[in-house]
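K.L.:
Here you go, this is protein-v6.pdb (PDB, C-alpha atoms and all ligand atoms).
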ATOM      1  CA  MET F   1      98.949 117.997  80.249
ATOM      2  CA  ASN F   2      97.203 114.766  81.296
ATOM      3  CA  LEU F   3      94.391 113.580  79.025
ATOM      4  CA  ILE F   4      91.443 111.239  79.012
ATOM      5  CA  LEU F   5      90.766 109.997  75.502
ATOM      6  CA  PHE F   6      87.235 108.748  75.031
ATOM      7  CA  GLY F   7      85.779 107.025  72.050
ATOM      8  CA  ALA F   8      84.038 103.843  71.013
ATOM      9  CA  PRO F   9      86.091 100.782  70.078
ATOM     10  CA  GLY F  10      87.538 101.631  66.659
ATOM     11  CA  ALA F  11      87.350 105.411  67.160
ATOM     12  CA  GLY F  12      91.129 105.686  66.827
ATOM     13  CA  LYS F  13      92.130 106.183  70.467
ATOM     14  CA  GLY F  14      95.112 103.844  70.209
ATOM     15  CA  THR F  15      96.378 105.357  66.960
ATOM     16  CA  GLN F  16      96.054 108.925  68.225
ATOM     17  CA  SER F  17      97.607 108.008  71.580
ATOM     18  CA  ALA F  18     100.645 106.590  69.764
ATOM     19  CA  LEU F  19     101.073 109.931  67.967
ATOM     20  CA  LEU F  20     100.707 111.865  71.209
ATOM     21  CA  VAL F  21     103.328 109.658  72.863
ATOM     22  CA  GLU F  22     105.677 110.201  69.910
ATOM     23  CA  ASN F  23     105.217 113.971  69.768
ATOM     24  CA  PHE F  24     104.743 114.950  73.394
ATOM     25  CA  ASP F  25     106.580 112.304  75.383
ATOM     26  CA  MET F  26     103.453 111.216  77.235
ATOM     27  CA  ARG F  27     102.736 107.793  78.745
ATOM     28  CA  HIS F  28      99.924 105.811  77.126
ATOM     29  CA  ILE F  29      97.774 103.975  79.648
ATOM     30  CA  SER F  30      95.376 101.813  77.643
ATOM     31  CA  THR F  31      93.319  99.414  79.737
ATOM     32  CA  GLY F  32      92.623  97.275  76.630
ATOM     33  CA  ASP F  33      96.383  97.005  75.923
ATOM     34  CA  LEU F  34      97.127  96.244  79.580
ATOM     35  CA  PHE F  35      94.579  93.423  79.536
ATOM     36  CA  ARG F  36      95.981  92.049  76.264
ATOM     37  CA  LYS F  37      99.506  92.097  77.721
ATOM     38  CA  ASN F  38      98.259  90.262  80.816
ATOM     39  CA  MET F  39      96.546  87.661  78.623
ATOM     40  CA  LYS F  40      99.692  87.164  76.558
ATOM     41  CA  ASP F  41     101.677  86.656  79.780
ATOM     42  CA  LYS F  42      98.878  84.463  81.202
ATOM     43  CA  THR F  43      98.883  86.359  84.521
ATOM     44  CA  GLU F  44      96.481  85.784  87.414
ATOM     45  CA  LEU F  45      94.712  89.027  86.471
ATOM     46  CA  SER F  46      94.123  87.766  82.944
ATOM     47  CA  LYS F  47      92.405  84.642  84.263
ATOM     48  CA  LYS F  48      89.826  86.886  85.941
ATOM     49  CA  ALA F  49      89.389  89.144  82.886
ATOM     50  CA  LYS F  50      89.556  86.835  79.841
ATOM     51  CA  PHE F  51      85.995  85.567  80.086
ATOM     52  CA  TYR F  52      84.596  89.122  79.823
ATOM     53  CA  ILE F  53      87.035  90.317  77.160
ATOM     54  CA  ASP F  54      86.434  87.364  74.826
ATOM     55  CA  ALA F  55      82.693  88.085  74.900
ATOM     56  CA  GLY F  56      83.192  91.823  74.381
ATOM     57  CA  ASN F  57      81.795  92.661  77.812
ATOM     58  CA  LEU F  58      83.288  94.974  80.428
ATOM     59  CA  VAL F  59      85.674  93.557  83.013
ATOM     60  CA  PRO F  60      84.353  94.217  86.567
ATOM     61  CA  ASP F  61      85.188  97.701  87.872
ATOM     62  CA  GLY F  62      87.289  96.538  90.850
ATOM     63  CA  ILE F  63      89.786  94.717  88.602
ATOM     64  CA  VAL F  64      90.156  97.614  86.141
ATOM     65  CA  ILE F  65      90.421 100.313  88.793
ATOM     66  CA  LYS F  66      93.217  98.461  90.603
ATOM     67  CA  MET F  67      95.077  97.930  87.307
ATOM     68  CA  VAL F  68      94.868 101.665  86.468
ATOM     69  CA  GLU F  69      95.955 102.678  89.962
ATOM     70  CA  ASP F  70      99.056 100.465  89.586
ATOM     71  CA  ALA F  71      99.799 102.070  86.206
ATOM     72  CA  LEU F  72      99.444 105.600  87.628
ATOM     73  CA  ASP F  73     101.819 104.659  90.449
ATOM     74  CA  GLN F  74     104.469 103.776  87.892
ATOM     75  CA  LEU F  75     104.400 107.125  86.063
ATOM     76  CA  GLY F  76     107.270 108.750  87.903
ATOM     77  CA  GLY F  77     105.946 112.240  87.131
ATOM     78  CA  GLN F  78     105.414 111.677  83.394
ATOM     79  CA  GLU F  79     102.284 113.120  81.755
ATOM     80  CA  PHE F  80      99.775 110.520  80.619
ATOM     81  CA  ILE F  81      96.862 109.663  78.330
ATOM     82  CA  LEU F  82      94.120 107.434  79.679
ATOM     83  CA  ASP F  83      92.677 105.405  76.806
ATOM     84  CA  GLY F  84      89.656 103.175  77.406
ATOM     85  CA  PHE F  85      89.261 104.235  81.023
ATOM     86  CA  PRO F  86      86.966 105.276  82.639
ATOM     87  CA  ARG F  87      84.200 103.344  80.915
ATOM     88  CA  THR F  88      81.611 103.315  83.714
ATOM     89  CA  LEU F  89      80.407 105.925  86.172
ATOM     90  CA  GLU F  90      81.960 103.935  89.037
ATOM     91  CA  GLN F  91      85.324 104.008  87.270
ATOM     92  CA  ALA F  92      85.015 107.779  86.654
ATOM     93  CA  LYS F  93      84.301 108.442  90.317
ATOM     94  CA  ALA F  94      87.086 106.106  91.456
ATOM     95  CA  LEU F  95      89.449 107.900  89.086
ATOM     96  CA  ASP F  96      88.567 111.301  90.538
ATOM     97  CA  GLU F  97      89.312 110.008  94.046
ATOM     98  CA  MET F  98      92.540 108.389  92.907
ATOM     99  CA  LEU F  99      93.736 111.554  91.184
ATOM    100  CA  GLU F 100      92.979 113.648  94.230
ATOM    101  CA  ARG F 101      94.915 111.254  96.480
ATOM    102  CA  LYS F 102      97.876 111.242  94.095
ATOM    103  CA  LYS F 103      97.665 115.013  93.490
ATOM    104  CA  LEU F 104      97.292 114.514  89.754
ATOM    105  CA  LYS F 105      95.057 116.542  87.440
ATOM    106  CA  ILE F 106      93.364 115.847  84.097
ATOM    107  CA  GLY F 107      93.801 118.777  81.703
ATOM    108  CA  LYS F 108      91.304 117.715  79.044
ATOM    109  CA  VAL F 109      88.710 115.016  78.460
ATOM    110  CA  VAL F 110      88.489 114.452  74.714
ATOM    111  CA  SER F 111      85.869 112.323  73.004
ATOM    112  CA  LEU F 112      86.532 111.091  69.451
ATOM    113  CA  GLU F 113      83.163 110.938  67.701
ATOM    114  CA  VAL F 114      82.807 108.431  64.849
ATOM    115  CA  PRO F 115      79.542 107.126  63.268
ATOM    116  CA  GLN F 116      78.607 103.516  64.039
ATOM    117  CA  ALA F 117      78.918 102.249  60.431
ATOM    118  CA  VAL F 118      82.504 103.542  60.220
ATOM    119  CA  LEU F 119      83.333 101.938  63.575
ATOM    120  CA  VAL F 120      82.059  98.510  62.490
ATOM    121  CA  SER F 121      84.093  98.646  59.298
ATOM    122  CA  ARG F 122      87.225  99.818  61.136
ATOM    123  CA  LEU F 123      86.916  97.066  63.775
ATOM    124  CA  THR F 124      86.032  94.098  61.582
ATOM    125  CA  GLY F 125      88.667  95.097  59.001
ATOM    126  CA  ARG F 126      91.389  95.685  61.590
ATOM    127  CA  ARG F 127      94.327  93.296  61.707
ATOM    128  CA  VAL F 128      96.982  93.392  64.430
ATOM    129  CA  CYS F 129     100.540  92.078  64.599
ATOM    130  CA  LYS F 130     100.825  89.322  67.186
ATOM    131  CA  GLY F 131     104.425  90.311  67.854
ATOM    132  CA  CYS F 132     104.664  94.100  68.167
ATOM    133  CA  GLY F 133     100.997  95.136  68.083
ATOM    134  CA  ALA F 134     101.292  97.211  64.867
ATOM    135  CA  VAL F 135      97.826  97.883  63.491
ATOM    136  CA  TYR F 136      96.706  97.245  59.876
ATOM    137  CA  HIS F 137      93.410  97.268  57.998
ATOM    138  CA  ILE F 138      92.255  94.923  55.211
ATOM    139  CA  SER F 139      91.576  97.825  52.849
ATOM    140  CA  ALA F 140      92.977 101.038  54.357
ATOM    141  CA  LYS F 141      96.415  99.803  55.459
ATOM    142  CA  GLN F 142      97.616  96.396  54.322
ATOM    143  CA  PRO F 143     101.031  95.014  55.252
ATOM    144  CA  LYS F 144     103.434  94.707  52.284
ATOM    145  CA  VAL F 145     103.239  90.886  52.488
ATOM    146  CA  GLU F 146      99.797  89.535  53.343
ATOM    147  CA  GLY F 147      99.602  88.304  56.957
ATOM    148  CA  VAL F 148     103.160  89.395  57.799
ATOM    149  CA  CYS F 149     104.066  92.445  59.868
ATOM    150  CA  ASP F 150     106.135  95.133  58.080
ATOM    151  CA  VAL F 151     107.838  96.033  61.348
ATOM    152  CA  CYS F 152     108.791  92.708  62.958
ATOM    153  CA  ASN F 153     107.773  89.937  60.492
ATOM    154  CA  ALA F 154     105.435  88.303  63.019
ATOM    155  CA  VAL F 155     101.956  87.079  62.053
ATOM    156  CA  VAL F 156      99.274  89.700  61.415
ATOM    157  CA  ALA F 157      95.797  88.477  62.337
ATOM    158  CA  GLN F 158      92.354  89.538  63.453
ATOM    159  CA  ARG F 159      91.849  90.126  67.178
ATOM    160  CA  LYS F 160      89.365  87.582  68.525
ATOM    161  CA  ASP F 161      87.125  90.385  69.800
ATOM    162  CA  ASP F 162      87.139  92.154  66.397
ATOM    163  CA  SER F 163      84.946  89.444  64.833
ATOM    164  CA  GLU F 164      81.676  90.985  63.665
ATOM    165  CA  GLU F 165      79.534  89.446  66.420
ATOM    166  CA  VAL F 166      81.816  90.484  69.291
ATOM    167  CA  ALA F 167      82.626  93.876  67.748
ATOM    168  CA  VAL F 168      78.936  94.781  67.497
ATOM    169  CA  ASN F 169      78.433  93.707  71.120
ATOM    170  CA  ARG F 170      81.398  95.859  72.202
ATOM    171  CA  LEU F 171      79.876  98.874  70.450
ATOM    172  CA  ASN F 172      76.524  98.258  72.149
ATOM    173  CA  VAL F 173      78.204  97.826  75.554
ATOM    174  CA  TYR F 174      80.162 101.023  74.929
ATOM    175  CA  LYS F 175      77.036 103.009  74.101
ATOM    176  CA  LYS F 176      75.154 101.765  77.128
ATOM    177  CA  SER F 177      77.849 102.033  79.780
ATOM    178  CA  THR F 178      79.870 104.985  78.569
ATOM    179  CA  GLN F 179      77.090 107.483  77.919
ATOM    180  CA  PRO F 180      76.637 108.099  81.681
ATOM    181  CA  VAL F 181      80.392 108.736  81.894
ATOM    182  CA  LYS F 182      80.186 111.307  79.095
ATOM    183  CA  ASP F 183      77.229 112.926  80.856
ATOM    184  CA  TYR F 184      79.293 112.987  84.071
ATOM    185  CA  TYR F 185      82.146 114.904  82.434
ATOM    186  CA  MET F 186      79.694 117.126  80.529
ATOM    187  CA  SER F 187      78.079 118.107  83.821
ATOM    188  CA  PHE F 188      81.460 119.555  84.860
ATOM    189  CA  GLU F 189      81.818 121.119  81.380
ATOM    190  CA  ARG F 190      84.937 119.079  80.909
ATOM    191  CA  LEU F 191      84.118 117.075  77.783
ATOM    192  CA  GLU F 192      85.500 118.196  74.417
ATOM    193  CA  GLN F 193      83.855 116.364  71.505
ATOM    194  CA  LEU F 194      85.991 116.029  68.413
ATOM    195  CA  ASP F 195      85.290 114.709  64.905
ATOM    196  CA  GLY F 196      87.164 111.393  64.731
ATOM    197  CA  THR F 197      86.516 110.730  61.029
ATOM    198  CA  GLY F 198      89.051 111.336  58.254
ATOM    199  CA  SER F 199      92.705 110.416  58.059
ATOM    200  CA  THR F 200      94.918 109.759  61.069
ATOM    201  CA  SER F 201      96.812 113.003  60.483
ATOM    202  CA  GLU F 202      93.618 115.055  60.108
ATOM    203  CA  VAL F 203      92.327 113.796  63.446
ATOM    204  CA  PHE F 204      95.716 114.345  65.064
ATOM    205  CA  GLU F 205      95.738 117.938  63.835
ATOM    206  CA  ARG F 206      92.327 118.487  65.436
ATOM    207  CA  ILE F 207      93.636 117.081  68.726
ATOM    208  CA  GLN F 208      96.743 119.271  68.600
ATOM    209  CA  ASN F 209      94.593 122.371  67.986
ATOM    210  CA  LEU F 210      92.474 121.459  70.966
ATOM    211  CA  LEU F 211      95.516 121.043  73.187
ATOM    212  CA  LYS F 212      96.736 124.532  72.262
ATOM    213  CA  ASN F 213      93.553 126.158  73.611
TER     214      ASN F 213
HETATM  215  P1  LIG F 301      89.660  97.982  74.085
HETATM  216  O1  LIG F 301      90.873  97.525  73.368
HETATM  217  O2  LIG F 301      89.843  99.298  74.788
HETATM  218  O3  LIG F 301      88.433  97.985  73.214
HETATM  219  O4  LIG F 301      89.418  96.924  75.263
HETATM  220  C1  LIG F 301      89.284  95.538  74.999
HETATM  221  C2  LIG F 301      88.437  94.891  76.078
HETATM  222  O5  LIG F 301      89.078  95.052  77.370
HETATM  223  C3  LIG F 301      87.057  95.490  76.259
HETATM  224  O6  LIG F 301      86.109  94.958  75.334
HETATM  225  C4  LIG F 301      86.751  95.082  77.709
HETATM  226  O7  LIG F 301      86.407  93.710  77.783
HETATM  227  C5  LIG F 301      88.102  95.259  78.383
HETATM  228  N1  LIG F 301      88.260  96.623  78.934
HETATM  229  C6  LIG F 301      89.130  97.588  78.507
HETATM  230  N2  LIG F 301      89.004  98.705  79.228
HETATM  231  C7  LIG F 301      88.026  98.462  80.136
HETATM  232  C8  LIG F 301      87.423  99.240  81.173
HETATM  233  N3  LIG F 301      87.787 100.510  81.421
HETATM  234  N4  LIG F 301      86.451  98.665  81.909
HETATM  235  C9  LIG F 301      86.074  97.380  81.700
HETATM  236  N5  LIG F 301      86.585  96.603  80.737
HETATM  237  C10 LIG F 301      87.555  97.126  79.962
END
Could I get this file's structure written as structure tokens?

P.N.:
Amino acid sequence: MNLILFGAPGAGKGTQSALLVENFDMRHISTGDLFRKNMKDKTELSKKAKFYIDAGNLVPDGIVIKMVEDALDQLGGQEFILDGFPRTLEQAKALDEMLERKKLKIGKVVSLEVPQAVLVSRLTGRRVCKGCGAVYHISAKQPKVEGVCDVCNAVVAQRKDDSEEVAVNRLNVYKKSTQPVKDYYMSFERLEQLDGTGSTSEVFERIQNLLKN
């Protein structure tokens, strides 16, 4: 089943997607991850997107939509999770058109609901490995050696856009631009809201239960 995973920055979309990929052999299409990969590789696309990402603002729709369409074209029939897309009404409508053209269907649209205070603490405390992308947290999940990744020994550091100022802006941008998208899916009775608080495994269990129904 193909999924759209909604949720504010820090809601746990990436973590839950990784578990879904591991357990159900799905492809994870995260627009945030795709942008970060482009920035690491210093691609042409990243030059257009970096300015927005560094400030915690949304990258223009045209750029994101094209990037997602390319990712969908590379699926080769594999089921997928869309994480971080769509984030605007224009993106949601473009996605519907794209899916129809490609004869693909979304089985469930799941929104991970987490209170703002928890999101701020998750984002500002998050640390990420610069090598393999493994995710840590200054209190909830520290690497064995401070600043060094358990998995690949590369440097573990804070993402530039997880600083408090940018993180708070990202949460505000999310609230403003994504609410119309949630309303859009609600109007088709397609949005399933799920409690995103608690441990990773608790949330994953809730998602699995939802997928069974
Ligand atoms: P994320 O890791 O999903 O929080 O994404 C990091 C940043 O990438 C966001 O703050 C945006 O600047 C950009 N981004 C990711 N997905 C989208 C999207 N669907 N539309 C516009 N910008 C996006």

K.L.:
Please extract the residues at most 9 Å from ligand LIG 301 (chain F), counting only C-alpha atoms and all ligand atoms, and provide them as number ranges by chain, using the chain letters and residue numbers of this document.

P.N.:
F: 8-10, 13-14, 30-36, 49-61, 63-65, 68, 83-88, 91, 161, 166-167, 169-171, 173-174

K.L.:
So what do you get for atom CA of Ala140 of chain F versus atom CA of Leu194 of chain F, distance-wise?

P.N.:
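Straight-line distance from atom CA of Ala140 of chain F to atom CA of Leu194 of chain F works out to 21.7 Å.
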
K.L.:
Suppose a student applies the PyMOL selection byres (((chain F and resi 80) around 9) and not hetatm) to this structure; what residues should they get, written as a list in words?

P.N.:
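Expected selection for the PyMOL selection byres (((chain F and resi 80) around 9) and not hetatm) here is Met1, Asn2, Leu3, Ile4, Val21, Asp25, Met26, Arg27, His28, Ile29, Leu72, Leu75, Gln78, Glu79, Ile81 and Leu82 of chain F.
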
K.L.:
Would you mind reading off the distance between atom CA of Val110 of chain F and atom CA of Leu5 of chain F, one decimal, in Å?

P.N.:
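The value is 5.1 Å.
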
K.L.:
Which value, in Å to one decimal, gives the distance between atom CA of Cys129 of chain F and atom CA of Thr15 of chain F?

P.N.:
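Taking atom CA of Cys129 of chain F and atom CA of Thr15 of chain F, their separation equals 14.1 Å.
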
K.L.:
Please determine, counting only C-alpha atoms, which residue among F:Val109, F:Leu95, F:Leu119, F:Gly12 has the shortest atom-to-atom distance to Asp183 of chain F.

P.N.:
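Smallest distance to Asp183 of chain F is found for F:Val109.
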
K.L.:
On this structure, the PyMOL selection byres (((chain F and resi 120) around 8) and not hetatm) would catch which residues? List them as a list of chain:residue names, sorted by chain and number.

P.N.:
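Applying the expression gives F:Gly10, F:Gln116, F:Ala117, F:Val118, F:Leu119, F:Ser121, F:Arg122, F:Leu123, F:Thr124, F:Glu164, F:Ala167, F:Val168.
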
K.L.:
Could those selected residues go to a file with C-alpha atoms, as a short mmCIF file (atom, residue, chain, number, x, y, z; two decimals), in the coordinates of the input?

P.N.:
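Saved file part.cif follows:
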data_model
loop_
_atom_site.label_atom_id
_atom_site.label_comp_id
_atom_site.auth_asym_id
_atom_site.auth_seq_id
_atom_site.Cartn_x
_atom_site.Cartn_y
_atom_site.Cartn_z
CA GLY F 10 87.54 101.63 66.66
CA GLN F 116 78.61 103.52 64.04
CA ALA F 117 78.92 102.25 60.43
CA VAL F 118 82.50 103.54 60.22
CA LEU F 119 83.33 101.94 63.58
CA SER F 121 84.09 98.65 59.30
CA ARG F 122 87.22 99.82 61.14
CA LEU F 123 86.92 97.07 63.78
CA THR F 124 86.03 94.10 61.58
CA GLU F 164 81.68 90.98 63.66
CA ALA F 167 82.63 93.88 67.75
CA VAL F 168 78.94 94.78 67.50
#

K.L.:
For Glu113 of chain F, which residue out of F:Ala18, F:Val203, F:Leu210, F:Cys132 is the nearest one, using all atoms listed in the file?

P.N.:
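For Glu113 of chain F, the nearest of the given residues is F:Val203.
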
K.L.:
Would you kindly return, as a list in words, each protein, DNA or RNA residue with an atom no farther than 7 Å from any atom of segment 147-158 of chain F, considering only C-alpha atoms and excluding same-chain residues fewer than 5 positions away?

P.N.:
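Listing them by chain and then by number gives Arg126, Arg127, Val128, Cys129, Lys130, Gly131 and Cys132 of chain F.
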
K.L.:
Could you check which residues have any atom within 10 Å of (85.0, 115.8, 78.4), counting all atoms listed in the file with coordinates taken straight from the file, and then list them as a PyMOL selection string?

P.N.:
chain F and resi 3-6+107-111+181-193

K.L.:
Check the smallest atom-to-atom distance from each of F:Lys40, F:Arg206, F:Lys103, F:Gly125 to Ser139 of chain F using all atoms listed in the file, then report the winner.

P.N.:
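Closest candidate: F:Gly125.
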
K.L.:
For each of F:Leu112, F:Tyr136, F:Thr178, F:Lys66, take the minimum atom-to-atom distance to Asp195 of chain F, counting all atoms listed in the file, then give the residue where this is smallest.

P.N.:
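Selected residue with least distance to Asp195 of chain F: F:Leu112.
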
K.L.:
Return the padded bounding box of segment 171-177 of chain F as lines of an AutoDock Vina configuration file: axis-aligned, built from all atoms listed in the file, 4 Å added on each side, with centre and edge lengths in Å to one decimal.

P.N.:
center_x = 77.7
center_y = 100.4
center_z = 75.1
size_x = 13.0
size_y = 13.2
size_z = 17.3

K.L.:
Between F:Pro115, F:Leu99, F:Phe24, F:Leu89, which one has atoms that come closest to Lys176 of chain F, using only C-alpha atoms?

P.N.:
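Among the listed residues, F:Leu89 lies closest to Lys176 of chain F.
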